[in-house]
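Colleague: To start, I am sharing the structure in question, which I have written as structure tokens.
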Amino acid sequence: FHKVMELFDFTKLTKEVTKDKKKAEKLLKEQISQMRREGRLTEGYYEVISTPKIVAFLTSSVAARMGEAARAGKLYKEQPFVMGLEANLLNDEFPREETVLIQGIIDVFFEEDGRYVLLDYKTDAVYTAEELVKRYHVQLDYYTQALEQSSGYRDTERILYSFKLGEEIHL
């Protein structure tokens, strides 16, 4: 899922496509074929792609927003970050004057209406959105902090997308 989302050209994901599962599936298949021809998607990745689950994402409201951001040049995928935190924020027993570096890769974020929208894809086998929120809210807190520190933006919208549940989870 992550590899296809990383390589997918969201500039081609128009409102017309996001409202029609057949058009979304056609676009996805065209892009996957191109990824394979160009050697950007290996056979191993290709064999495990779940077209219906990706089409469900491509027809979601957040995917439509990503398409608009991509066409405006404001969509950022697979962005690494490093940030320093006071050690005692991770554990009360750690000294406050020590700094701990946290690094990660943000799946995707985009600029919309003067703020960022942060999206993290999840493939966990869960039964409820609450399970994902419980597992990943701290991770999204760090991602949000890193984005806001680097950009000066505040009020970042935070979304998990569960491929298993086929839904957007707004935090």
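Chain lettering (A, B, ...) mirrors the order of the structure tokens, residue numbering begins at 1 for each chain separately, and ligand numbering begins at 1 in order of display.
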Do a neighbour search on Glu157 in chain A at 9 Å with only C-alpha atoms, toss out local chain neighbours closer than 3 positions, and write the hits as a ChimeraX atom specification.
Modeller: /A:115-119,144,170-171
Colleague: Would you export the selected residues with all heavy atoms as an mmCIF file, in the first residue's frame, please?
Modeller:
```
data_model
loop_
_atom_site.group_PDB
_atom_site.id
_atom_site.type_symbol
_atom_site.label_atom_id
_atom_site.label_comp_id
_atom_site.auth_asym_id
_atom_site.auth_seq_id
_atom_site.Cartn_x
_atom_site.Cartn_y
_atom_site.Cartn_z
ATOM 1 N N ARG A 115 -2.903 25.890 6.211
ATOM 2 C CA ARG A 115 -2.491 24.964 7.263
ATOM 3 C C ARG A 115 -2.149 23.621 6.627
ATOM 4 O O ARG A 115 -2.422 23.396 5.449
ATOM 5 C CB ARG A 115 -3.561 24.809 8.338
ATOM 6 C CG ARG A 115 -4.801 24.073 7.870
ATOM 7 C CD ARG A 115 -5.808 23.982 8.992
ATOM 8 N NE ARG A 115 -6.858 23.048 8.664
ATOM 9 C CZ ARG A 115 -7.563 22.384 9.538
ATOM 10 N NH1 ARG A 115 -7.345 22.562 10.816
ATOM 11 N NH2 ARG A 115 -8.492 21.563 9.178
ATOM 12 N N TYR A 116 -1.573 22.752 7.445
ATOM 13 C CA TYR A 116 -1.227 21.428 6.949
ATOM 14 C C TYR A 116 -2.304 20.413 7.303
ATOM 15 O O TYR A 116 -2.976 20.519 8.328
ATOM 16 C CB TYR A 116 0.096 20.936 7.545
ATOM 17 C CG TYR A 116 1.320 21.491 6.872
ATOM 18 C CD1 TYR A 116 2.387 21.962 7.618
ATOM 19 C CD2 TYR A 116 1.433 21.520 5.486
ATOM 20 C CE1 TYR A 116 3.530 22.455 7.006
ATOM 21 C CE2 TYR A 116 2.564 22.016 4.870
ATOM 22 C CZ TYR A 116 3.601 22.480 5.634
ATOM 23 O OH TYR A 116 4.723 22.967 5.017
ATOM 24 N N VAL A 117 -2.413 19.433 6.426
ATOM 25 C CA VAL A 117 -3.221 18.244 6.678
ATOM 26 C C VAL A 117 -2.235 17.086 6.672
ATOM 27 O O VAL A 117 -1.528 16.869 5.682
ATOM 28 C CB VAL A 117 -4.309 18.048 5.600
ATOM 29 C CG1 VAL A 117 -5.101 16.770 5.864
ATOM 30 C CG2 VAL A 117 -5.219 19.264 5.520
ATOM 31 N N LEU A 118 -2.169 16.362 7.776
ATOM 32 C CA LEU A 118 -1.247 15.250 7.966
ATOM 33 C C LEU A 118 -2.041 13.962 7.822
ATOM 34 O O LEU A 118 -3.094 13.795 8.445
ATOM 35 C CB LEU A 118 -0.627 15.347 9.362
ATOM 36 C CG LEU A 118 0.180 14.172 9.890
ATOM 37 C CD1 LEU A 118 1.431 13.974 9.054
ATOM 38 C CD2 LEU A 118 0.549 14.425 11.343
ATOM 39 N N LEU A 119 -1.538 13.060 6.996
ATOM 40 C CA LEU A 119 -2.223 11.788 6.755
ATOM 41 C C LEU A 119 -1.232 10.656 6.947
ATOM 42 O O LEU A 119 -0.124 10.691 6.412
ATOM 43 C CB LEU A 119 -2.791 11.748 5.337
ATOM 44 C CG LEU A 119 -3.405 10.444 4.865
ATOM 45 C CD1 LEU A 119 -4.634 10.073 5.691
ATOM 46 C CD2 LEU A 119 -3.774 10.526 3.401
ATOM 47 N N THR A 144 3.015 15.882 14.006
ATOM 48 C CA THR A 144 2.419 17.216 14.017
ATOM 49 C C THR A 144 3.399 18.237 14.570
ATOM 50 O O THR A 144 3.580 19.320 13.997
ATOM 51 C CB THR A 144 1.126 17.217 14.867
ATOM 52 O OG1 THR A 144 0.213 16.267 14.309
ATOM 53 C CG2 THR A 144 0.480 18.590 14.899
ATOM 54 N N HIS A 170 -10.399 10.827 11.763
ATOM 55 C CA HIS A 170 -9.942 12.176 12.077
ATOM 56 C C HIS A 170 -9.643 12.260 13.572
ATOM 57 O O HIS A 170 -10.483 11.908 14.378
ATOM 58 C CB HIS A 170 -10.991 13.209 11.663
ATOM 59 C CG HIS A 170 -11.188 13.250 10.191
ATOM 60 N ND1 HIS A 170 -10.597 14.204 9.398
ATOM 61 C CD2 HIS A 170 -11.876 12.431 9.347
ATOM 62 C CE1 HIS A 170 -10.923 13.973 8.128
ATOM 63 N NE2 HIS A 170 -11.700 12.908 8.077
ATOM 64 N N LEU A 171 -8.439 12.730 13.902
ATOM 65 C CA LEU A 171 -8.044 12.864 15.300
ATOM 66 C C LEU A 171 -8.230 14.297 15.745
ATOM 67 O O LEU A 171 -8.064 15.211 15.004
ATOM 68 C CB LEU A 171 -6.578 12.467 15.473
ATOM 69 C CG LEU A 171 -6.346 10.952 15.475
ATOM 70 C CD1 LEU A 171 -6.352 10.364 14.122
ATOM 71 C CD2 LEU A 171 -5.054 10.640 16.157
#
```
Colleague: Taking the backbone alone, and naming residues the way the document does, which bits of chain A are alpha helix (DSSP H) by DSSP, as a ChimeraX atom specification?
Modeller: /A:2-7,15-18,21-37,43-47,51-58,61-71,129-151
Colleague: Would you tabulate, counting only C-alpha atoms, all residues of range 1-36 of chain A that have an atom at most 9 Å from an atom of range 49-65 of chain A, showing the closest pair of atoms and their distance in Å to one decimal, sorted by chain then ascending number, as CSV?
Modeller:
```
residue,atom,partner,partner_atom,distance
A:Phe1,CA,A:Ile49,CA,6.8
A:Val4,CA,A:Ile49,CA,8.2
A:Met5,CA,A:Ile54,CA,8.6
A:Phe10,CA,A:Ala63,CA,8.2
A:Leu13,CA,A:Ala64,CA,6.9
A:Thr14,CA,A:Ala64,CA,6.9
A:Lys15,CA,A:Ala64,CA,6.1
A:Val17,CA,A:Thr59,CA,7.5
A:Thr18,CA,A:Thr59,CA,4.2
A:Lys19,CA,A:Thr59,CA,6.0
A:Asp20,CA,A:Thr59,CA,7.1
A:Lys21,CA,A:Thr59,CA,6.5
A:Lys22,CA,A:Val55,CA,8.7
A:Ala24,CA,A:Val55,CA,6.0
A:Glu25,CA,A:Val55,CA,5.7
A:Leu28,CA,A:Val55,CA,7.4
A:Lys29,CA,A:Thr51,CA,8.1
```
Colleague: Using N, CA and C atoms, can you write the selected residues to a file as a compact mmCIF listing (two decimals), in the first residue's frame?
Modeller:
```txt
# COMPACT_ATOMS: atom_id res chain seq x y z
N PHE A 1 0.82 -1.20 0.00
CA PHE A 1 0.00 0.00 0.00
C PHE A 1 0.86 1.26 0.00
N VAL A 4 2.73 1.95 -3.38
CA VAL A 4 1.83 2.44 -4.43
C VAL A 4 1.42 3.88 -4.13
N MET A 5 1.12 4.18 -2.88
CA MET A 5 0.73 5.54 -2.51
C MET A 5 1.89 6.51 -2.72
N PHE A 10 -0.86 11.79 -7.91
CA PHE A 10 -2.14 12.35 -7.46
C PHE A 10 -2.61 13.52 -8.30
N LEU A 13 -5.61 12.54 -10.14
CA LEU A 13 -6.79 12.14 -9.37
C LEU A 13 -7.75 13.34 -9.29
N THR A 14 -8.59 13.45 -10.29
CA THR A 14 -9.53 14.56 -10.37
C THR A 14 -10.80 14.26 -9.57
N LYS A 15 -11.61 15.28 -9.36
CA LYS A 15 -12.88 15.09 -8.64
C LYS A 15 -13.76 14.09 -9.39
N VAL A 17 -12.80 11.52 -11.09
CA VAL A 17 -12.29 10.17 -10.82
C VAL A 17 -12.63 9.75 -9.40
N THR A 18 -12.52 10.66 -8.43
CA THR A 18 -12.76 10.28 -7.03
C THR A 18 -14.22 9.96 -6.77
N LYS A 19 -15.10 10.35 -7.67
CA LYS A 19 -16.53 10.09 -7.49
C LYS A 19 -17.01 8.85 -8.23
N ASP A 20 -16.09 8.15 -8.89
CA ASP A 20 -16.49 7.00 -9.71
C ASP A 20 -15.47 5.87 -9.52
N LYS A 21 -15.90 4.81 -8.85
CA LYS A 21 -14.99 3.70 -8.55
C LYS A 21 -14.39 3.07 -9.82
N LYS A 22 -15.16 2.99 -10.89
CA LYS A 22 -14.65 2.40 -12.13
C LYS A 22 -13.54 3.26 -12.73
N ALA A 24 -11.68 5.36 -11.02
CA ALA A 24 -10.55 5.28 -10.09
C ALA A 24 -9.77 3.99 -10.30
N GLU A 25 -10.48 2.88 -10.50
CA GLU A 25 -9.81 1.60 -10.74
C GLU A 25 -9.03 1.64 -12.05
N LEU A 28 -5.90 3.69 -11.45
CA LEU A 28 -4.96 2.92 -10.62
C LEU A 28 -4.25 1.87 -11.47
N LYS A 29 -4.98 1.11 -12.24
CA LYS A 29 -4.37 0.06 -13.06
C LYS A 29 -3.40 0.63 -14.09
```
Colleague: Tell me, which residues of range 33-122 of chain A carry DSSP strand (DSSP E or B), written as a VMD selection string?
Modeller: chain A and resid 75 to 86 99 to 112 115 to 122
Colleague: Given only C-alpha atoms as the basis, pick out the residue of A:Glu168, A:Glu16, A:Asp92, A:Asp9 nearest to Glu30 in chain A.
Modeller: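 Of A:Glu168, A:Glu16, A:Asp92, A:Asp9, the one nearest Glu30 in chain A is A:Asp9, counting only C-alpha atoms.
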Colleague: Quick one: everything within 12 Å of Tyr46 in chain A, counting only C-alpha atoms, minus sequence neighbours fewer than 6 positions away in the same chain. Send it as a list in words.
Modeller: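 Counting only C-alpha atoms, the residues come to Phe1, Lys3, Val4, Lys29, Gln31, Ile32, Ser33, Gln34, Met35, Arg36, Arg37, Gly39 and Arg40 of chain A.
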Colleague: Store the residues of this selection in a file with N, CA, C and O atoms, as a PDB file, in the first residue's frame.
Modeller:
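Output (out.pdb):
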```pdb
ATOM      1  N   PHE A   1       0.823  -1.200   0.000  1.00  0.00           N
ATOM      2  CA  PHE A   1       0.000   0.000   0.000  1.00  0.00           C
ATOM      3  C   PHE A   1       0.861   1.255   0.000  1.00  0.00           C
ATOM      4  O   PHE A   1       0.645   2.168  -0.791  1.00  0.00           O
ATOM      5  N   LYS A   3       3.974   1.740  -0.867  1.00  0.00           N
ATOM      6  CA  LYS A   3       4.769   1.951  -2.080  1.00  0.00           C
ATOM      7  C   LYS A   3       3.900   2.504  -3.206  1.00  0.00           C
ATOM      8  O   LYS A   3       4.306   3.441  -3.908  1.00  0.00           O
ATOM      9  N   VAL A   4       2.729   1.949  -3.379  1.00  0.00           N
ATOM     10  CA  VAL A   4       1.835   2.438  -4.430  1.00  0.00           C
ATOM     11  C   VAL A   4       1.423   3.880  -4.131  1.00  0.00           C
ATOM     12  O   VAL A   4       1.421   4.728  -5.022  1.00  0.00           O
ATOM     13  N   LYS A  29      -4.983   1.109 -12.239  1.00  0.00           N
ATOM     14  CA  LYS A  29      -4.373   0.061 -13.062  1.00  0.00           C
ATOM     15  C   LYS A  29      -3.404   0.633 -14.089  1.00  0.00           C
ATOM     16  O   LYS A  29      -2.341   0.061 -14.337  1.00  0.00           O
ATOM     17  N   GLN A  31      -1.686   3.422 -13.759  1.00  0.00           N
ATOM     18  CA  GLN A  31      -0.491   3.879 -13.057  1.00  0.00           C
ATOM     19  C   GLN A  31       0.356   2.713 -12.560  1.00  0.00           C
ATOM     20  O   GLN A  31       1.587   2.759 -12.629  1.00  0.00           O
ATOM     21  N   ILE A  32      -0.278   1.655 -12.084  1.00  0.00           N
ATOM     22  CA  ILE A  32       0.477   0.478 -11.638  1.00  0.00           C
ATOM     23  C   ILE A  32       1.235  -0.139 -12.812  1.00  0.00           C
ATOM     24  O   ILE A  32       2.397  -0.513 -12.686  1.00  0.00           O
ATOM     25  N   SER A  33       0.590  -0.216 -13.963  1.00  0.00           N
ATOM     26  CA  SER A  33       1.265  -0.750 -15.156  1.00  0.00           C
ATOM     27  C   SER A  33       2.472   0.108 -15.519  1.00  0.00           C
ATOM     28  O   SER A  33       3.542  -0.417 -15.846  1.00  0.00           O
ATOM     29  N   GLN A  34       2.299   1.413 -15.442  1.00  0.00           N
ATOM     30  CA  GLN A  34       3.411   2.315 -15.743  1.00  0.00           C
ATOM     31  C   GLN A  34       4.536   2.153 -14.714  1.00  0.00           C
ATOM     32  O   GLN A  34       5.715   2.133 -15.081  1.00  0.00           O
ATOM     33  N   MET A  35       4.179   2.014 -13.456  1.00  0.00           N
ATOM     34  CA  MET A  35       5.189   1.811 -12.399  1.00  0.00           C
ATOM     35  C   MET A  35       6.006   0.544 -12.670  1.00  0.00           C
ATOM     36  O   MET A  35       7.223   0.524 -12.486  1.00  0.00           O
ATOM     37  N   ARG A  36       5.322  -0.502 -13.116  1.00  0.00           N
ATOM     38  CA  ARG A  36       6.016  -1.764 -13.427  1.00  0.00           C
ATOM     39  C   ARG A  36       6.915  -1.603 -14.636  1.00  0.00           C
ATOM     40  O   ARG A  36       8.059  -2.057 -14.635  1.00  0.00           O
ATOM     41  N   ARG A  37       6.402  -0.978 -15.699  1.00  0.00           N
ATOM     42  CA  ARG A  37       7.196  -0.783 -16.922  1.00  0.00           C
ATOM     43  C   ARG A  37       8.465   0.017 -16.634  1.00  0.00           C
ATOM     44  O   ARG A  37       9.520  -0.265 -17.194  1.00  0.00           O
ATOM     45  N   GLY A  39      10.026   0.065 -13.868  1.00  0.00           N
ATOM     46  CA  GLY A  39      10.835  -0.621 -12.873  1.00  0.00           C
ATOM     47  C   GLY A  39      10.753   0.005 -11.485  1.00  0.00           C
ATOM     48  O   GLY A  39      11.582  -0.285 -10.627  1.00  0.00           O
ATOM     49  N   ARG A  40       9.764   0.832 -11.255  1.00  0.00           N
ATOM     50  CA  ARG A  40       9.622   1.476  -9.938  1.00  0.00           C
ATOM     51  C   ARG A  40       8.806   0.616  -8.978  1.00  0.00           C
ATOM     52  O   ARG A  40       8.844   0.830  -7.781  1.00  0.00           O
TER      53      ARG A  40
END
```
Colleague: Interatomic distance between CA of Leu160 in chain A and CA of Thr42 in chain A?
Modeller: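 Computed distance, CA of Leu160 in chain A to CA of Thr42 in chain A, equals 26.5 Å.
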Colleague: A:Glu148, A:Glu78, A:Glu86, A:Asp124: which is nearest Gly104 in chain A, counting only C-alpha atoms?
Modeller: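 Under the stated criterion, the closest residue is A:Glu78.
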Colleague: Counting only C-alpha atoms, which residue out of A:Ile169, A:Val48, A:Ala146, A:Ile105 sits closest to Leu132 in chain A?
Modeller: A:Ile169
Colleague: Pick from A:Lys134, A:Glu111, A:Asn88, A:Glu43: nearest to Arg154 in chain A, with only C-alpha atoms counted?
Modeller: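 Answer, going by the shortest atom-to-atom distance: A:Glu111.
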Colleague: Nearest residue to Lys164 in chain A out of A:Leu27, A:Lys122, A:Lys74, A:Glu93, using only C-alpha atoms?
Modeller: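 The answer is A:Lys122, which sits nearest to Lys164 in chain A.
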Colleague: Given only C-alpha atoms as the basis, pick out the residue of A:Tyr143, A:Phe163, A:Phe81, A:Phe8 nearest to Thr128 in chain A.
Modeller: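 So, comparing all the options, the nearest one is A:Phe163.
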Colleague: When you look at Tyr76 in chain A with a cut-off of 10 Å (counting only C-alpha atoms), what residues show up, excluding the ones that are within fewer than 2 positions of it in the same chain? I need them as a ChimeraX atom specification.
Modeller: /A:6,66,69-70,73-74,78-79,106-111,118
Colleague: Emit the selected residues as an mmCIF file, in the first residue's frame, including N, CA and C atoms.
Modeller:
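Output (again10.cif):
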```
data_model
loop_
_atom_site.group_PDB
_atom_site.id
_atom_site.type_symbol
_atom_site.label_atom_id
_atom_site.label_comp_id
_atom_site.auth_asym_id
_atom_site.auth_seq_id
_atom_site.Cartn_x
_atom_site.Cartn_y
_atom_site.Cartn_z
ATOM 1 N N GLU A 6 3.099 6.047 -2.447
ATOM 2 C CA GLU A 6 4.284 6.886 -2.649
ATOM 3 C C GLU A 6 4.474 7.211 -4.128
ATOM 4 N N MET A 66 -6.127 15.468 -1.631
ATOM 5 C CA MET A 66 -4.736 15.258 -2.020
ATOM 6 C C MET A 66 -4.539 15.567 -3.508
ATOM 7 N N ALA A 69 -4.349 19.269 -3.871
ATOM 8 C CA ALA A 69 -3.061 19.752 -3.362
ATOM 9 C C ALA A 69 -1.927 19.407 -4.329
ATOM 10 N N ALA A 70 -1.966 18.224 -4.905
ATOM 11 C CA ALA A 70 -0.919 17.808 -5.850
ATOM 12 C C ALA A 70 -0.911 18.722 -7.065
ATOM 13 N N GLY A 73 0.813 21.818 -6.363
ATOM 14 C CA GLY A 73 2.214 21.691 -5.965
ATOM 15 C C GLY A 73 2.407 21.727 -4.458
ATOM 16 N N LYS A 74 1.378 21.318 -3.705
ATOM 17 C CA LYS A 74 1.421 21.404 -2.245
ATOM 18 C C LYS A 74 1.222 20.054 -1.556
ATOM 19 N N GLU A 78 6.247 10.891 1.801
ATOM 20 C CA GLU A 78 7.441 10.215 2.323
ATOM 21 C C GLU A 78 8.526 11.222 2.738
ATOM 22 N N GLN A 79 8.139 12.123 3.610
ATOM 23 C CA GLN A 79 9.045 13.182 4.049
ATOM 24 C C GLN A 79 9.720 12.809 5.369
ATOM 25 N N ILE A 106 7.130 10.837 7.427
ATOM 26 C CA ILE A 106 5.703 11.154 7.351
ATOM 27 C C ILE A 106 5.191 10.638 6.009
ATOM 28 N N ASP A 107 4.134 9.814 6.047
ATOM 29 C CA ASP A 107 3.584 9.245 4.809
ATOM 30 C C ASP A 107 3.213 10.347 3.824
ATOM 31 N N VAL A 108 2.388 11.274 4.289
ATOM 32 C CA VAL A 108 1.945 12.348 3.394
ATOM 33 C C VAL A 108 1.411 13.513 4.220
ATOM 34 N N PHE A 109 1.670 14.704 3.718
ATOM 35 C CA PHE A 109 0.993 15.886 4.231
ATOM 36 C C PHE A 109 0.819 16.845 3.079
ATOM 37 N N PHE A 110 -0.141 17.724 3.228
ATOM 38 C CA PHE A 110 -0.379 18.710 2.189
ATOM 39 C C PHE A 110 -0.860 20.009 2.816
ATOM 40 N N GLU A 111 -0.656 21.051 2.040
ATOM 41 C CA GLU A 111 -1.063 22.374 2.487
ATOM 42 C C GLU A 111 -2.452 22.660 1.921
ATOM 43 N N LEU A 118 -2.169 16.362 7.776
ATOM 44 C CA LEU A 118 -1.247 15.250 7.966
ATOM 45 C C LEU A 118 -2.041 13.962 7.822
#
```
